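As C-alpha coordinates, the structure follows; a few thoughts come after it.
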Amino acid sequence: MKAVVTVMPKPAILDPAGVATGRAMEHLGLKGVRSVRIGKSIEIEVDGADENQLHEIAHDLLSNPVVEDYKLTILS
Amino acid sequence: MATYAMRYAVIQFPGSNCDTDCQAALASFPGVEAEIVWHKETSLAEYDAIVLPGGFSYGDYLRCGSIARFSPIMTAVRHAASTGVLVLGICNGFQILCEAGLLPGTLMRNRGLLFRCEHRHLRVESSESPFTSALEQGDVLDLPIAHGEGSYFADKEVLKALNQNNQVLLRYCDADGTVSDEANPNGSLENIAGICSHGRNVFGLMPHPERVCDPMLGGIDGRAIFQSMIDGAFAMQAQLPR
(Lines give C-alpha, C1' and ligand atoms only; values in the text may rest on other atoms or scores of the structure.)
Protein backbone atom coordinates (compact mmCIF):
# COMPACT_ATOMS: atom_id res chain seq x y z
CA MET A 1 0.00 0.00 0.00
CA LYS A 2 1.16 3.54 -0.79
CA ALA A 3 -0.24 6.45 1.15
CA VAL A 4 0.46 10.12 1.79
CA VAL A 5 -0.25 11.87 5.08
CA THR A 6 -0.45 15.65 4.89
CA VAL A 7 -0.08 17.42 8.23
CA MET A 8 -1.04 21.11 8.49
CA PRO A 9 -1.23 23.57 11.37
CA LYS A 10 -4.86 24.12 12.39
CA PRO A 11 -6.38 27.27 10.84
CA ALA A 12 -6.47 29.14 14.17
CA ILE A 13 -2.80 28.47 14.93
CA LEU A 14 -0.21 31.12 14.09
CA ASP A 15 2.48 29.65 11.83
CA PRO A 16 5.53 31.94 12.23
CA ALA A 17 7.56 30.03 9.63
CA GLY A 18 4.71 30.48 7.14
CA VAL A 19 4.51 34.21 7.91
CA ALA A 20 8.28 34.65 7.42
CA THR A 21 8.17 32.70 4.15
CA GLY A 22 5.25 34.83 2.96
CA ARG A 23 7.29 37.96 3.60
CA ALA A 24 10.16 36.51 1.56
CA MET A 25 7.72 35.87 -1.31
CA GLU A 26 6.66 39.53 -1.19
CA HIS A 27 10.33 40.51 -1.14
CA LEU A 28 10.76 38.53 -4.39
CA GLY A 29 8.00 40.54 -5.99
CA LEU A 30 4.95 38.34 -5.48
CA LYS A 31 2.07 40.71 -4.82
CA GLY A 32 -1.04 40.15 -2.71
CA VAL A 33 0.24 37.33 -0.50
CA ARG A 34 -2.68 36.62 1.85
CA SER A 35 -1.49 33.56 3.70
CA VAL A 36 1.33 31.02 3.69
CA ARG A 37 1.01 27.90 5.83
CA ILE A 38 3.76 25.31 6.16
CA GLY A 39 3.01 21.68 6.90
CA LYS A 40 4.50 18.28 6.21
CA SER A 41 3.92 15.59 3.66
CA ILE A 42 4.78 12.04 4.69
CA GLU A 43 4.91 9.32 2.05
CA ILE A 44 4.42 5.78 3.28
CA GLU A 45 4.88 2.44 1.58
CA VAL A 46 3.74 -0.45 3.72
CA ASP A 47 2.82 -4.10 3.30
CA GLY A 48 -0.32 -5.48 4.85
CA ALA A 49 -1.59 -2.41 6.74
CA ASP A 50 -5.21 -1.38 6.76
CA GLU A 51 -6.51 2.16 6.50
CA ASN A 52 -7.60 2.28 10.16
CA GLN A 53 -4.07 1.51 11.32
CA LEU A 54 -2.71 4.33 9.17
CA HIS A 55 -5.30 6.73 10.63
CA GLU A 56 -4.15 5.72 14.11
CA ILE A 57 -0.50 6.33 13.20
CA ALA A 58 -1.33 9.66 11.57
CA HIS A 59 -3.29 10.77 14.63
CA ASP A 60 -0.97 9.50 17.37
CA LEU A 61 2.49 9.92 15.83
CA LEU A 62 2.56 11.93 12.63
CA SER A 63 0.44 14.84 13.86
CA ASN A 64 -0.16 16.60 17.15
CA PRO A 65 -3.95 16.93 17.40
CA VAL A 66 -3.59 19.93 19.74
CA VAL A 67 -2.32 22.14 16.93
CA GLU A 68 -2.36 20.11 13.69
CA ASP A 69 -4.82 18.41 11.36
CA TYR A 70 -3.90 15.53 9.08
CA LYS A 71 -5.27 14.17 5.84
CA LEU A 72 -4.64 10.59 4.79
CA THR A 73 -4.69 9.78 1.09
CA ILE A 74 -4.35 6.17 -0.06
CA LEU A 75 -2.57 6.18 -3.43
CA SER A 76 -2.58 2.46 -4.22
CA MET B 1 13.09 11.23 61.76
CA ALA B 2 15.31 9.01 59.70
CA THR B 3 16.19 10.21 56.24
CA TYR B 4 16.72 7.72 53.45
CA ALA B 5 18.93 7.95 50.43
CA MET B 6 16.76 9.13 47.61
CA ARG B 7 17.20 7.70 44.13
CA TYR B 8 16.56 9.75 41.04
CA ALA B 9 16.29 8.29 37.56
CA VAL B 10 17.50 10.63 34.80
CA ILE B 11 16.14 9.21 31.56
CA GLN B 12 18.53 9.22 28.64
CA PHE B 13 17.03 9.22 25.16
CA PRO B 14 19.14 9.15 22.02
CA GLY B 15 19.85 12.87 21.63
CA SER B 16 19.45 13.87 25.28
CA ASN B 17 22.28 16.26 26.14
CA CYS B 18 21.48 17.63 29.61
CA ASP B 19 21.37 14.22 31.29
CA THR B 20 24.77 14.39 32.96
CA ASP B 21 24.19 18.04 33.96
CA CYS B 22 21.00 16.93 35.73
CA GLN B 23 22.81 14.02 37.33
CA ALA B 24 25.59 16.31 38.61
CA ALA B 25 23.13 18.92 39.90
CA LEU B 26 21.08 16.29 41.77
CA ALA B 27 24.16 14.54 43.19
CA SER B 28 25.19 17.85 44.78
CA PHE B 29 22.29 17.48 47.25
CA PRO B 30 22.97 15.44 50.39
CA GLY B 31 21.30 12.02 50.47
CA VAL B 32 20.50 12.02 46.77
CA GLU B 33 21.65 9.47 44.21
CA ALA B 34 21.02 10.08 40.53
CA GLU B 35 21.38 7.40 37.89
CA ILE B 36 21.17 7.65 34.14
CA VAL B 37 18.52 5.24 32.83
CA TRP B 38 18.53 4.33 29.13
CA HIS B 39 15.21 4.81 27.36
CA LYS B 40 14.96 1.12 26.41
CA GLU B 41 14.59 0.12 30.05
CA THR B 42 11.10 -0.85 31.11
CA SER B 43 10.98 -0.40 34.89
CA LEU B 44 11.44 2.55 37.22
CA ALA B 45 10.13 0.77 40.31
CA GLU B 46 13.33 1.34 42.30
CA TYR B 47 13.39 5.11 41.87
CA ASP B 48 11.81 7.82 44.00
CA ALA B 49 11.69 10.52 41.36
CA ILE B 50 12.20 10.83 37.60
CA VAL B 51 13.78 13.54 35.46
CA LEU B 52 13.34 13.81 31.70
CA PRO B 53 16.30 16.00 30.76
CA GLY B 54 16.75 18.48 27.95
CA GLY B 55 18.32 17.87 24.58
CA PHE B 56 17.17 16.86 21.14
CA SER B 57 15.70 13.39 21.51
CA TYR B 58 15.64 11.63 18.13
CA GLY B 59 17.07 14.80 16.59
CA ASP B 60 13.71 16.55 17.09
CA TYR B 61 12.56 14.62 14.00
CA LEU B 62 8.88 14.96 13.12
CA ARG B 63 8.15 17.15 16.20
CA CYS B 64 10.09 17.73 19.41
CA GLY B 65 9.46 14.77 21.71
CA SER B 66 7.07 13.02 19.33
CA ILE B 67 9.21 9.90 18.88
CA ALA B 68 10.67 9.76 22.41
CA ARG B 69 7.11 9.66 23.68
CA PHE B 70 6.88 6.08 22.34
CA SER B 71 10.16 4.89 23.91
CA PRO B 72 9.77 1.75 26.08
CA ILE B 73 10.63 3.67 29.28
CA MET B 74 7.64 5.97 28.81
CA THR B 75 5.24 3.20 29.87
CA ALA B 76 7.10 3.08 33.18
CA VAL B 77 7.13 6.90 33.42
CA ARG B 78 3.38 6.94 32.83
CA HIS B 79 2.84 4.27 35.48
CA ALA B 80 5.05 6.08 38.00
CA ALA B 81 3.24 9.37 37.34
CA SER B 82 -0.11 7.66 37.92
CA THR B 83 1.06 6.47 41.34
CA GLY B 84 2.16 9.96 42.43
CA VAL B 85 5.92 9.66 41.81
CA LEU B 86 7.44 13.08 41.04
CA VAL B 87 8.27 13.53 37.36
CA LEU B 88 10.21 16.60 36.18
CA GLY B 89 10.58 17.40 32.48
CA ILE B 90 13.09 20.07 31.51
CA CYS B 91 13.02 21.66 28.04
CA ASN B 92 12.92 18.65 25.68
CA GLY B 93 11.64 16.69 28.70
CA PHE B 94 8.72 19.14 28.93
CA GLN B 95 8.06 18.66 25.21
CA ILE B 96 8.07 14.87 25.67
CA LEU B 97 5.63 15.08 28.63
CA CYS B 98 3.25 17.17 26.50
CA GLU B 99 3.50 14.78 23.55
CA ALA B 100 2.87 11.88 25.93
CA GLY B 101 -0.26 13.57 27.26
CA LEU B 102 1.12 13.68 30.82
CA LEU B 103 0.86 17.48 30.63
CA PRO B 104 -1.74 19.40 28.59
CA GLY B 105 -0.97 21.62 25.61
CA THR B 106 2.10 21.67 23.42
CA LEU B 107 5.30 23.62 22.70
CA MET B 108 5.51 25.23 19.29
CA ARG B 109 8.14 27.04 17.25
CA ASN B 110 9.28 30.25 18.96
CA ARG B 111 7.62 33.46 17.88
CA GLY B 112 10.30 35.19 15.79
CA LEU B 113 11.73 31.77 14.85
CA LEU B 114 14.97 32.35 16.77
CA PHE B 115 16.60 29.74 18.96
CA ARG B 116 16.74 31.62 22.28
CA CYS B 117 19.79 30.89 24.42
CA GLU B 118 19.91 33.42 27.27
CA HIS B 119 19.06 34.06 30.91
CA ARG B 120 15.45 34.93 31.68
CA HIS B 121 13.50 35.96 34.74
CA LEU B 122 10.73 33.67 35.90
CA ARG B 123 7.98 34.50 38.37
CA VAL B 124 6.88 31.76 40.73
CA GLU B 125 3.09 31.64 40.41
CA SER B 126 2.38 29.09 43.12
CA SER B 127 4.38 27.53 45.92
CA GLU B 128 1.73 24.84 46.28
CA SER B 129 3.51 22.10 44.39
CA PRO B 130 6.24 19.59 45.15
CA PHE B 131 8.45 21.52 42.72
CA THR B 132 8.07 25.02 44.16
CA SER B 133 7.40 24.38 47.85
CA ALA B 134 10.80 25.82 48.81
CA LEU B 135 9.84 29.08 47.07
CA GLU B 136 7.29 31.81 47.72
CA GLN B 137 4.61 32.93 45.29
CA GLY B 138 5.98 36.04 43.56
CA ASP B 139 9.64 35.05 43.88
CA VAL B 140 11.65 35.89 40.77
CA LEU B 141 14.20 33.33 39.54
CA ASP B 142 17.01 33.90 37.07
CA LEU B 143 17.25 30.78 34.90
CA PRO B 144 18.79 30.08 31.50
CA ILE B 145 16.66 29.05 28.53
CA ALA B 146 17.91 27.33 25.37
CA HIS B 147 15.22 26.33 22.92
CA GLY B 148 13.77 26.83 19.47
CA GLU B 149 10.38 25.31 20.23
CA GLY B 150 9.22 26.71 23.57
CA SER B 151 6.10 28.64 22.68
CA TYR B 152 3.48 27.15 24.97
CA PHE B 153 0.07 26.66 23.41
CA ALA B 154 -3.17 25.17 24.69
CA ASP B 155 -6.78 25.78 23.72
CA LYS B 156 -8.97 28.16 25.73
CA GLU B 157 -10.60 25.50 27.90
CA VAL B 158 -7.25 23.96 28.85
CA LEU B 159 -5.79 27.39 29.60
CA LYS B 160 -8.77 28.25 31.78
CA ALA B 161 -8.43 24.99 33.70
CA LEU B 162 -4.67 25.52 34.17
CA ASN B 163 -5.30 28.94 35.70
CA GLN B 164 -8.24 27.82 37.82
CA ASN B 165 -6.28 24.91 39.29
CA ASN B 166 -3.11 26.95 39.84
CA GLN B 167 -1.19 24.63 37.50
CA VAL B 168 0.93 27.40 35.99
CA LEU B 169 4.01 27.42 38.22
CA LEU B 170 6.34 29.72 36.26
CA ARG B 171 5.83 32.68 33.92
CA TYR B 172 8.43 34.71 32.03
CA CYS B 173 8.71 38.16 33.64
CA ASP B 174 10.89 41.24 33.99
CA ALA B 175 13.58 41.54 36.66
CA ASP B 176 11.01 43.11 38.98
CA GLY B 177 8.50 40.30 38.46
CA THR B 178 6.20 42.06 35.99
CA VAL B 179 4.75 39.66 33.43
CA SER B 180 4.77 41.51 30.10
CA ASP B 181 4.99 40.79 26.40
CA GLU B 182 8.53 42.23 26.34
CA ALA B 183 9.55 39.61 28.90
CA ASN B 184 8.15 36.79 26.74
CA PRO B 185 11.05 35.23 24.80
CA ASN B 186 9.08 32.86 22.60
CA GLY B 187 5.42 33.83 22.30
CA SER B 188 4.14 31.43 24.96
CA LEU B 189 0.47 32.01 25.80
CA GLU B 190 0.18 34.12 28.95
CA ASN B 191 4.00 33.97 29.32
CA ILE B 192 3.74 30.37 30.50
CA ALA B 193 7.16 28.81 31.14
CA GLY B 194 6.21 25.86 33.33
CA ILE B 195 3.07 23.92 34.27
CA CYS B 196 2.24 21.01 36.54
CA SER B 197 -0.30 18.25 36.11
CA HIS B 198 -3.72 18.31 37.76
CA GLY B 199 -2.33 15.90 40.36
CA ARG B 200 0.64 18.31 40.79
CA ASN B 201 3.27 15.51 40.67
CA VAL B 202 4.33 16.07 37.04
CA PHE B 203 6.08 19.35 36.20
CA GLY B 204 7.40 20.56 32.87
CA LEU B 205 9.38 23.74 32.28
CA MET B 206 11.37 25.19 29.40
CA PRO B 207 14.15 26.86 31.49
CA HIS B 208 17.11 24.81 32.71
CA PRO B 209 17.35 24.81 36.54
CA GLU B 210 20.13 22.19 36.43
CA ARG B 211 22.46 24.73 34.78
CA VAL B 212 22.30 27.12 37.75
CA CYS B 213 22.93 24.85 40.73
CA ASP B 214 26.54 25.83 41.38
CA PRO B 215 27.92 29.35 42.01
CA MET B 216 30.85 28.46 39.73
CA LEU B 217 28.38 28.17 36.84
CA GLY B 218 26.92 31.61 37.37
CA GLY B 219 24.01 31.11 39.73
CA ILE B 220 22.13 28.87 42.14
CA ASP B 221 18.54 29.85 41.37
CA GLY B 222 17.85 26.36 40.03
CA ARG B 223 18.50 24.71 43.38
CA ALA B 224 15.16 25.68 44.92
CA ILE B 225 13.27 23.56 42.37
CA PHE B 226 15.34 20.45 43.09
CA GLN B 227 15.29 21.20 46.83
CA SER B 228 11.48 21.33 46.71
CA MET B 229 11.35 17.96 44.93
CA ILE B 230 13.79 16.40 47.36
CA ASP B 231 11.86 17.70 50.38
CA GLY B 232 8.67 16.33 48.82
CA ALA B 233 10.13 12.93 48.00
CA PHE B 234 11.62 12.57 51.49
CA ALA B 235 8.24 13.50 52.97
CA MET B 236 6.58 10.81 50.82
CA GLN B 237 9.21 8.25 51.84
CA ALA B 238 8.65 9.04 55.49
CA GLN B 239 4.99 8.08 55.05
CA LEU B 240 5.76 4.74 53.40
CA PRO B 241 6.02 1.62 55.54
CA ARG B 242 9.57 0.33 55.63
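FYI, nothing fancy with the C-alpha coordinates labels: chains A, B, ... in order, residues from 1 per chain, ligands from 1 as they appear.
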
Per residue of chain A within 7 Å of chain B, record the nearest atom pair and its distance in Å to one decimal, counting only C-alpha atoms, with rows in chain order and ascending residue number, as JSON lines.
{"residue": "A:Pro16", "atom": "CA", "partner": "B:Arg111", "partner_atom": "CA", "distance": 6.2}
{"residue": "A:Ala17", "atom": "CA", "partner": "B:Leu113", "partner_atom": "CA", "distance": 6.9}
{"residue": "A:Leu61", "atom": "CA", "partner": "B:Ser66", "partner_atom": "CA", "distance": 6.5}
{"residue": "A:Val66", "atom": "CA", "partner": "B:Gly105", "partner_atom": "CA", "distance": 6.6}

Q: Mind listing the strand (DSSP E or B) residues of chain A, per DSSP on the backbone, as a PyMOL selection string?
A: chain A and resi 2-9+40-45+68-74

Q) What does the distance between CA of Asp15 (chain A) and CA of Ile38 (chain A) come to in Å, to one decimal place? A)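 Interatomic distance here is 7.3 Å.
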
Could you pull the residues within 7 Å of Ile42 (chain A), counting only C-alpha atoms, minus those fewer than 3 positions along the same chain, as a short mmCIF file (atom, residue, chain, number, x, y, z; two decimals) with C-alpha atoms, in the first residue's frame?
data_model
loop_
_atom_site.label_atom_id
_atom_site.label_comp_id
_atom_site.auth_asym_id
_atom_site.auth_seq_id
_atom_site.Cartn_x
_atom_site.Cartn_y
_atom_site.Cartn_z
CA VAL A 4 0.46 10.12 1.79
CA VAL A 5 -0.25 11.87 5.08
CA THR A 6 -0.45 15.65 4.89
#

Can I get the residues of region 64-98 of chain B within 9 Å of region 214-236 of chain B, each with the closest pair of atoms and their distance in Å to one decimal, using only C-alpha atoms, sorted chain first then ascending number, as CSV?
residue,atom,partner,partner_atom,distance
B:Val85,CA,B:Ala233,CA,8.2
B:Leu86,CA,B:Met229,CA,7.4
B:Leu88,CA,B:Met229,CA,8.9

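Between CA of Asn163 (chain B) and CA of Ser129 (chain B) the separation is 14.1 Å.
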
Q | Expected answer as number ranges by chain: helix (DSSP H, G or I) residues in chain A | A | A: 16-27, 51-62

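Summary of the local environment: counting only C-alpha atoms, residues at most 7 Å from region 173-181 of chain B, other than itself and those fewer than 5 positions away along its chain, are B:His121, B:Leu122, B:Arg123, B:Val140.
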
Can you write just those residues out, N, CA and C atoms, as a PDB file, in the first residue's frame?
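Contents of selection-v7.pdb, freshly written:
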ATOM      1  N   HIS B 121      14.124  35.919  33.423  1.00  0.00           N
ATOM      2  CA  HIS B 121      13.504  35.956  34.738  1.00  0.00           C
ATOM      3  C   HIS B 121      12.180  35.195  34.708  1.00  0.00           C
ATOM      4  N   LEU B 122      11.941  34.477  35.794  1.00  0.00           N
ATOM      5  CA  LEU B 122      10.730  33.669  35.899  1.00  0.00           C
ATOM      6  C   LEU B 122      10.030  33.989  37.215  1.00  0.00           C
ATOM      7  N   ARG B 123       8.734  34.245  37.144  1.00  0.00           N
ATOM      8  CA  ARG B 123       7.977  34.502  38.370  1.00  0.00           C
ATOM      9  C   ARG B 123       7.317  33.214  38.848  1.00  0.00           C
ATOM     10  N   VAL B 140      11.153  35.794  42.138  1.00  0.00           N
ATOM     11  CA  VAL B 140      11.654  35.893  40.767  1.00  0.00           C
ATOM     12  C   VAL B 140      12.964  35.110  40.676  1.00  0.00           C
TER      13      VAL B 140
END

Q: Have a look at CA of Ala58 (chain A) and CA of Lys71 (chain A) and let me know their distance in Å, one decimal.
A: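 Distance reported for this atom pair: 8.3 Å.
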